[in-house]
Amino acid sequence: MKPYAFWVRHINFPLGLALKGHARFYRYYKAAERVQWQSPEAVQQLQWERLKNLLNHAHQHSPYWREVFNERQLTPNHIQSPEDFRKLPLLTKPLLQDRRDEMVCDNVQRDRLIENASGGSTGNPTVFYQDIDRNYRRAMDQIRHDRWTGWNVGERFALLWGANYEFTKYEHWMERVNNALFFRRIPLDAFNLTEDKMRLYLETLKRLRPTVIQAYGQAIALLAEFMDKEKLSIAPFKLKGIISSAEKLYPFQRELVEKVFGCKVFERYGSREVGLISSECDRFEGMHIASDSVYVEFLDENDEPVPAGQPGRIVVTDLWTHVMPFIRYDTGDVGTPLDAYCSCGRGLPLMKEVQGRQADFILLKDGRKIHGEYFTHLFYGIPGVRQFQLIQETHTEFSLNVVKTDELDPEKIQTVLQQMTEFMKDADIQVKLEYVSEIPPPMSGKRRFTISKLV
Ligand SMILES: [Zn+2]
């Protein structure tokens, strides 16, 4: 191990936290490292205790949540099982927008609130509040999961990530010092990945030699495609792993990323609102849910839990949100709970890949829903399609935007269009094809292949 990494891990990291008055987060981190190896039952019990704490706190201090309990003639004491817990309503984005201020706990000083916001397909950002306590704990959880790749605290960590708000902080000199002393992050802007930029990033990776890259799924896929096309590599330097998150990495893309970088991809699922939810360990038997910090439910269309192995809507409670409780937050994502535990021995339960946002489903007149992934399969293996996006405007009107290269044979796209309309079995369906020079990512930075304006 390199001496500076060792120094950061054992001196700067714990000492830095202690000097800021945050020694308790270092203790929390150490405890979280131990919790993962406890039995499933012990982890579950800890989760339930933390959930009860949050409910008591919300009932006592959050005007919105108190009202919710009162309306249902419930107190936190009535909640003794997961079934009881489902008596509380789901927290939706519109609700969050309308009642935000009443959700904030009355024992919190306003200046302790940290504002955060999420994007969304509508373009209306949803604002919510967190505090230092919650953010540090979730950051420590993340370190635990990052270490599953073989990375360790103190080693360099590259981020191929959205630049807008995440990276501006690296411009300030104090943050730069902070970064050099503790985090050792290498920020690489994932927006507007031009060929020149990608060449530059590869040089940066070779020069700075991070242990791991965390990337937007589609950004790392784009970089891998470029490397494959141009026969570029970062050899002889090797990464220990690549963490793909924020957007779906399709199996064929994952294969290519693993091939060109010569390391494994670790899939991760999280959201801006609740942070890290689950991630893969080096056994790749599913994603471990950080269930000591989040309580995850998988629900069907009647808001009842789905059986293990069946896909369901992901609803999350963030157990550390004591300034603005996030209880039963409806993410709109779909994932599958598993009842098996991982052979690695961790007591954190498993879930399967997230199948995409609700809006990724295409909704047909007769009520059928087509998963967005169907459309991506149609484009597999067609050379010259750089990016595409299918937008459902109405039940029968679709726009298909394609960014192409010279290699594209337009007839192949016509075949795709034909397959698409045949599959949807509706003679009225019209797809307007447009070749565009780029498909800009939305504010949130998450690129989406299919968007339905009906969902
Ligand atoms: Zn595992």
# chains A, B, ... in the order shown; residues from 1 in each chain; ligands from 1
$ residues_around --residues "His322 in chain A" --least-positions-apart "4" --cutoff "8 Å" --atoms "only C-alpha atoms" --output "VMD selection string"
chain A and resid 54 57 to 58 105 134
$ closest_atom_pairs --of "chain A" --to "ligand 1" --cutoff "6 Å" --atoms "only C-alpha atoms and all ligand atoms" --output "JSON lines"
{"residue": "A:Cys281", "atom": "CA", "partner": "ligand 1", "partner_atom_place_in_ligand_line": "1 (Zn)", "distance": 4.7}
{"residue": "A:Arg283", "atom": "CA", "partner": "ligand 1", "partner_atom_place_in_ligand_line": "1 (Zn)", "distance": 5.5}
{"residue": "A:Cys342", "atom": "CA", "partner": "ligand 1", "partner_atom_place_in_ligand_line": "1 (Zn)", "distance": 4.5}
{"residue": "A:Cys344", "atom": "CA", "partner": "ligand 1", "partner_atom_place_in_ligand_line": "1 (Zn)", "distance": 4.3}
{"residue": "A:Arg346", "atom": "CA", "partner": "ligand 1", "partner_atom_place_in_ligand_line": "1 (Zn)", "distance": 5.8}
$ atom_distance --atom1 "CA of Gly270 in chain A" --atom2 "CA of Ser81 in chain A"
25.3 Å
$ residues_around --residues "range 42-48 of chain A" --least-positions-apart "2" --cutoff "12 Å" --atoms "only C-alpha atoms" --output "PyMOL selection string"
chain A and resi 31-32+34-40+50-55+79-82+85+289-296+317-320+346-349
$ atom_distance --atom1 "CA of Glu301 in chain A" --atom2 "CA of Asp330 in chain A"
12.1 Å
$ residues_around --residues "range 251-259 of chain A" --least-positions-apart "6" --cutoff "7 Å" --atoms "only C-alpha atoms" --output "PyMOL selection string"
chain A and resi 221+224+265
$ residues_around --residues "range 170-183 of chain A" --least-positions-apart "4" --cutoff "12 Å" --atoms "only C-alpha atoms" --output "VMD selection string"
chain A and resid 4 to 17 139 143 152 to 159 163 to 166 187 to 189 210
$ closest_atom_pairs --of "range 275-352 of chain A" --to "range 245-250 of chain A" --cutoff "12 Å" --atoms "only C-alpha atoms" --output "Markdown table"
| residue | atom | partner | partner_atom | distance |
| --- | --- | --- | --- | --- |
| A:Gly275 | CA | A:Ala246 | CA | 10.4 |
| A:Leu276 | CA | A:Ser245 | CA | 9.7 |
| A:Ile277 | CA | A:Ser245 | CA | 10.8 |
| A:Ser278 | CA | A:Ser245 | CA | 10.2 |
| A:Ser279 | CA | A:Ser245 | CA | 9.0 |
| A:Glu280 | CA | A:Ser245 | CA | 10.9 |
| A:Met287 | CA | A:Ser245 | CA | 11.9 |
| A:Asp333 | CA | A:Glu247 | CA | 11.2 |
| A:Val334 | CA | A:Lys248 | CA | 12.0 |
$ residues_around --residues "Asp428 in chain A" --least-positions-apart "2" --cutoff "9 Å" --atoms "only C-alpha atoms" --output "list in words"
Thr396, Glu397, Asp426 and Gln430 of chain A
$ write_last_selection --atoms "N, CA, C and O atoms" --output "PDB file, in the first residue's frame"
ATOM      1  N   THR A 396     -50.713   7.476 -28.824  1.00  0.00           N
ATOM      2  CA  THR A 396     -50.350   6.991 -30.162  1.00  0.00           C
ATOM      3  C   THR A 396     -49.214   7.773 -30.823  1.00  0.00           C
ATOM      4  O   THR A 396     -48.732   7.371 -31.874  1.00  0.00           O
ATOM      5  N   GLU A 397     -48.807   8.876 -30.218  1.00  0.00           N
ATOM      6  CA  GLU A 397     -47.739   9.664 -30.848  1.00  0.00           C
ATOM      7  C   GLU A 397     -46.420   9.529 -30.095  1.00  0.00           C
ATOM      8  O   GLU A 397     -46.361   9.777 -28.888  1.00  0.00           O
ATOM      9  N   ASP A 426     -50.918  -1.600 -32.458  1.00  0.00           N
ATOM     10  CA  ASP A 426     -51.929  -0.554 -32.538  1.00  0.00           C
ATOM     11  C   ASP A 426     -51.673   0.196 -33.839  1.00  0.00           C
ATOM     12  O   ASP A 426     -50.644   0.847 -34.008  1.00  0.00           O
ATOM     13  N   GLN A 430     -47.966   6.305 -34.323  1.00  0.00           N
ATOM     14  CA  GLN A 430     -47.059   6.983 -35.249  1.00  0.00           C
ATOM     15  C   GLN A 430     -45.781   7.360 -34.524  1.00  0.00           C
ATOM     16  O   GLN A 430     -45.831   7.919 -33.433  1.00  0.00           O
TER      17      GLN A 430
END
$ residues_around --residues "Asp366 in chain A" --least-positions-apart "2" --cutoff "12 Å" --atoms "only C-alpha atoms" --output "mmCIF file with N, CA, C and O atoms, in the first residue's frame"
data_model
loop_
_atom_site.group_PDB
_atom_site.id
_atom_site.type_symbol
_atom_site.label_atom_id
_atom_site.label_comp_id
_atom_site.auth_asym_id
_atom_site.auth_seq_id
_atom_site.Cartn_x
_atom_site.Cartn_y
_atom_site.Cartn_z
ATOM 1 N N ILE A 362 -43.812 2.448 -21.281
ATOM 2 C CA ILE A 362 -44.668 3.075 -22.287
ATOM 3 C C ILE A 362 -46.084 2.552 -22.049
ATOM 4 O O ILE A 362 -46.294 1.347 -21.871
ATOM 5 N N LEU A 363 -47.006 3.489 -22.019
ATOM 6 C CA LEU A 363 -48.383 3.148 -21.666
ATOM 7 C C LEU A 363 -49.249 3.128 -22.918
ATOM 8 O O LEU A 363 -49.351 4.145 -23.609
ATOM 9 N N LEU A 364 -49.879 2.001 -23.217
ATOM 10 C CA LEU A 364 -50.702 1.925 -24.419
ATOM 11 C C LEU A 364 -52.182 2.143 -24.107
ATOM 12 O O LEU A 364 -52.603 2.068 -22.961
ATOM 13 N N ARG A 368 -51.917 -1.619 -21.635
ATOM 14 C CA ARG A 368 -50.660 -2.366 -21.563
ATOM 15 C C ARG A 368 -49.505 -1.417 -21.260
ATOM 16 O O ARG A 368 -49.505 -0.271 -21.695
ATOM 17 N N LYS A 369 -48.537 -1.946 -20.521
ATOM 18 C CA LYS A 369 -47.333 -1.170 -20.223
ATOM 19 C C LYS A 369 -46.158 -1.895 -20.850
ATOM 20 O O LYS A 369 -45.990 -3.088 -20.628
ATOM 21 N N ILE A 370 -45.371 -1.176 -21.607
ATOM 22 C CA ILE A 370 -44.199 -1.836 -22.195
ATOM 23 C C ILE A 370 -42.958 -1.276 -21.519
ATOM 24 O O ILE A 370 -42.767 -0.062 -21.453
ATOM 25 N N HIS A 395 -50.986 8.576 -26.322
ATOM 26 C CA HIS A 395 -51.087 7.126 -26.464
ATOM 27 C C HIS A 395 -50.584 6.626 -27.806
ATOM 28 O O HIS A 395 -50.106 5.512 -27.935
ATOM 29 N N THR A 396 -50.713 7.476 -28.824
ATOM 30 C CA THR A 396 -50.350 6.991 -30.162
ATOM 31 C C THR A 396 -49.214 7.773 -30.823
ATOM 32 O O THR A 396 -48.732 7.371 -31.874
ATOM 33 N N MET A 424 -46.291 -3.147 -30.664
ATOM 34 C CA MET A 424 -47.270 -2.413 -29.862
ATOM 35 C C MET A 424 -48.710 -2.698 -30.307
ATOM 36 O O MET A 424 -49.657 -2.338 -29.631
ATOM 37 N N LYS A 425 -48.844 -3.361 -31.423
ATOM 38 C CA LYS A 425 -50.147 -3.828 -31.932
ATOM 39 C C LYS A 425 -51.229 -2.749 -31.894
ATOM 40 O O LYS A 425 -52.285 -2.939 -31.309
ATOM 41 N N ASP A 426 -50.918 -1.600 -32.458
ATOM 42 C CA ASP A 426 -51.929 -0.554 -32.538
ATOM 43 C C ASP A 426 -51.673 0.196 -33.839
ATOM 44 O O ASP A 426 -50.644 0.847 -34.008
#
$ select_by_dssp --residues "range 332-442 of chain A" --states "strand (DSSP E or B)" --output "ChimeraX atom specification"
/A:332-337,350-352,357,362-363,369-370,385-392,397-404,430-435
$ write_last_selection --atoms "N, CA and C atoms" --output "mmCIF file, in the first residue's frame"
data_model
loop_
_atom_site.group_PDB
_atom_site.id
_atom_site.type_symbol
_atom_site.label_atom_id
_atom_site.label_comp_id
_atom_site.auth_asym_id
_atom_site.auth_seq_id
_atom_site.Cartn_x
_atom_site.Cartn_y
_atom_site.Cartn_z
ATOM 1 N N GLY A 332 -40.691 5.648 -7.280
ATOM 2 C CA GLY A 332 -41.115 5.481 -8.666
ATOM 3 C C GLY A 332 -40.252 4.464 -9.412
ATOM 4 N N ASP A 333 -39.213 3.954 -8.764
ATOM 5 C CA ASP A 333 -38.368 2.940 -9.403
ATOM 6 C C ASP A 333 -38.928 1.553 -9.121
ATOM 7 N N VAL A 334 -38.533 0.605 -9.940
ATOM 8 C CA VAL A 334 -39.006 -0.764 -9.771
ATOM 9 C C VAL A 334 -37.811 -1.688 -9.552
ATOM 10 N N GLY A 335 -37.892 -2.525 -8.519
ATOM 11 C CA GLY A 335 -36.813 -3.483 -8.242
ATOM 12 C C GLY A 335 -37.415 -4.760 -7.684
ATOM 13 N N THR A 336 -36.583 -5.781 -7.509
ATOM 14 C CA THR A 336 -37.076 -7.084 -7.076
ATOM 15 C C THR A 336 -36.406 -7.505 -5.777
ATOM 16 N N PRO A 337 -37.203 -7.787 -4.739
ATOM 17 C CA PRO A 337 -36.592 -8.279 -3.489
ATOM 18 C C PRO A 337 -36.212 -9.758 -3.642
ATOM 19 N N LEU A 350 -30.739 -8.841 0.065
ATOM 20 C CA LEU A 350 -30.441 -8.601 -1.350
ATOM 21 C C LEU A 350 -31.669 -8.151 -2.140
ATOM 22 N N MET A 351 -31.415 -7.375 -3.164
ATOM 23 C CA MET A 351 -32.455 -7.062 -4.140
ATOM 24 C C MET A 351 -31.824 -7.163 -5.520
ATOM 25 N N LYS A 352 -32.679 -7.262 -6.527
ATOM 26 C CA LYS A 352 -32.157 -7.355 -7.890
ATOM 27 C C LYS A 352 -32.244 -6.019 -8.578
ATOM 28 N N ARG A 357 -37.140 3.762 -14.117
ATOM 29 C CA ARG A 357 -38.173 4.604 -13.533
ATOM 30 C C ARG A 357 -39.525 4.213 -14.103
ATOM 31 N N ILE A 362 -43.812 2.448 -21.281
ATOM 32 C CA ILE A 362 -44.668 3.075 -22.287
ATOM 33 C C ILE A 362 -46.084 2.552 -22.049
ATOM 34 N N LEU A 363 -47.006 3.489 -22.019
ATOM 35 C CA LEU A 363 -48.383 3.148 -21.666
ATOM 36 C C LEU A 363 -49.249 3.128 -22.918
ATOM 37 N N LYS A 369 -48.537 -1.946 -20.521
ATOM 38 C CA LYS A 369 -47.333 -1.170 -20.223
ATOM 39 C C LYS A 369 -46.158 -1.895 -20.850
ATOM 40 N N ILE A 370 -45.371 -1.176 -21.607
ATOM 41 C CA ILE A 370 -44.199 -1.836 -22.195
ATOM 42 C C ILE A 370 -42.958 -1.276 -21.519
ATOM 43 N N VAL A 385 -25.573 3.867 -34.040
ATOM 44 C CA VAL A 385 -26.515 4.560 -33.161
ATOM 45 C C VAL A 385 -25.743 4.949 -31.909
ATOM 46 N N ARG A 386 -25.556 6.238 -31.749
ATOM 47 C CA ARG A 386 -24.755 6.677 -30.627
ATOM 48 C C ARG A 386 -25.597 6.827 -29.371
ATOM 49 N N GLN A 387 -26.748 7.408 -29.577
ATOM 50 C CA GLN A 387 -27.682 7.617 -28.471
ATOM 51 C C GLN A 387 -29.070 7.646 -29.068
ATOM 52 N N PHE A 388 -30.032 7.277 -28.264
ATOM 53 C CA PHE A 388 -31.396 7.461 -28.757
ATOM 54 C C PHE A 388 -32.305 7.719 -27.587
ATOM 55 N N GLN A 389 -33.425 8.305 -27.889
ATOM 56 C CA GLN A 389 -34.411 8.543 -26.847
ATOM 57 C C GLN A 389 -35.794 8.456 -27.469
ATOM 58 N N LEU A 390 -36.635 7.655 -26.855
ATOM 59 C CA LEU A 390 -38.009 7.518 -27.335
ATOM 60 C C LEU A 390 -38.913 8.260 -26.364
ATOM 61 N N ILE A 391 -39.677 9.191 -26.907
ATOM 62 C CA ILE A 391 -40.574 9.956 -26.045
ATOM 63 C C ILE A 391 -42.014 9.668 -26.445
ATOM 64 N N GLN A 392 -42.797 9.251 -25.478
ATOM 65 C CA GLN A 392 -44.213 9.030 -25.760
ATOM 66 C C GLN A 392 -44.969 10.318 -25.435
ATOM 67 N N GLU A 397 -48.807 8.876 -30.218
ATOM 68 C CA GLU A 397 -47.739 9.664 -30.848
ATOM 69 C C GLU A 397 -46.420 9.529 -30.095
ATOM 70 N N PHE A 398 -45.405 9.174 -30.856
ATOM 71 C CA PHE A 398 -44.069 8.987 -30.276
ATOM 72 C C PHE A 398 -43.047 9.801 -31.061
ATOM 73 N N SER A 399 -42.033 10.300 -30.367
ATOM 74 C CA SER A 399 -40.894 10.891 -31.063
ATOM 75 C C SER A 399 -39.678 10.037 -30.758
ATOM 76 N N LEU A 400 -38.939 9.734 -31.792
ATOM 77 C CA LEU A 400 -37.704 8.977 -31.609
ATOM 78 C C LEU A 400 -36.536 9.849 -32.054
ATOM 79 N N ASN A 401 -35.693 10.216 -31.101
ATOM 80 C CA ASN A 401 -34.517 11.025 -31.428
ATOM 81 C C ASN A 401 -33.294 10.139 -31.460
ATOM 82 N N VAL A 402 -32.541 10.264 -32.527
ATOM 83 C CA VAL A 402 -31.363 9.413 -32.675
ATOM 84 C C VAL A 402 -30.136 10.278 -32.975
ATOM 85 N N VAL A 403 -29.073 10.016 -32.230
ATOM 86 C CA VAL A 403 -27.788 10.640 -32.557
ATOM 87 C C VAL A 403 -27.001 9.565 -33.290
ATOM 88 N N LYS A 404 -26.658 9.863 -34.566
ATOM 89 C CA LYS A 404 -26.023 8.790 -35.350
ATOM 90 C C LYS A 404 -24.602 9.154 -35.752
ATOM 91 N N GLN A 430 -47.966 6.305 -34.323
ATOM 92 C CA GLN A 430 -47.059 6.983 -35.249
ATOM 93 C C GLN A 430 -45.781 7.360 -34.524
ATOM 94 N N VAL A 431 -44.669 7.050 -35.148
ATOM 95 C CA VAL A 431 -43.383 7.395 -34.550
ATOM 96 C C VAL A 431 -42.680 8.394 -35.458
ATOM 97 N N LYS A 432 -42.406 9.559 -34.885
ATOM 98 C CA LYS A 432 -41.712 10.592 -35.666
ATOM 99 C C LYS A 432 -40.210 10.460 -35.415
ATOM 100 N N LEU A 433 -39.494 10.131 -36.482
ATOM 101 C CA LEU A 433 -38.045 9.924 -36.337
ATOM 102 C C LEU A 433 -37.291 11.209 -36.615
ATOM 103 N N GLU A 434 -36.363 11.529 -35.748
ATOM 104 C CA GLU A 434 -35.556 12.719 -35.989
ATOM 105 C C GLU A 434 -34.099 12.429 -35.653
ATOM 106 N N TYR A 435 -33.215 12.793 -36.609
ATOM 107 C CA TYR A 435 -31.789 12.665 -36.309
ATOM 108 C C TYR A 435 -31.335 13.969 -35.675
#
$ atom_distance --atom1 "CA of Thr331 in chain A" --atom2 "CA of Glu83 in chain A"
19.9 Å
$ select_by_dssp --residues "range 67-231 of chain A" --states "alpha helix (DSSP H)" --output "PyMOL selection string"
chain A and resi 67-71+82-85+93-103+132-146+173-178+195-208+217-230
$ closest_residue --among "A:Phe326, A:Asn116, A:Pro307, A:Val416" --to "Trp65 in chain A" --atoms "only C-alpha atoms"
A:Phe326
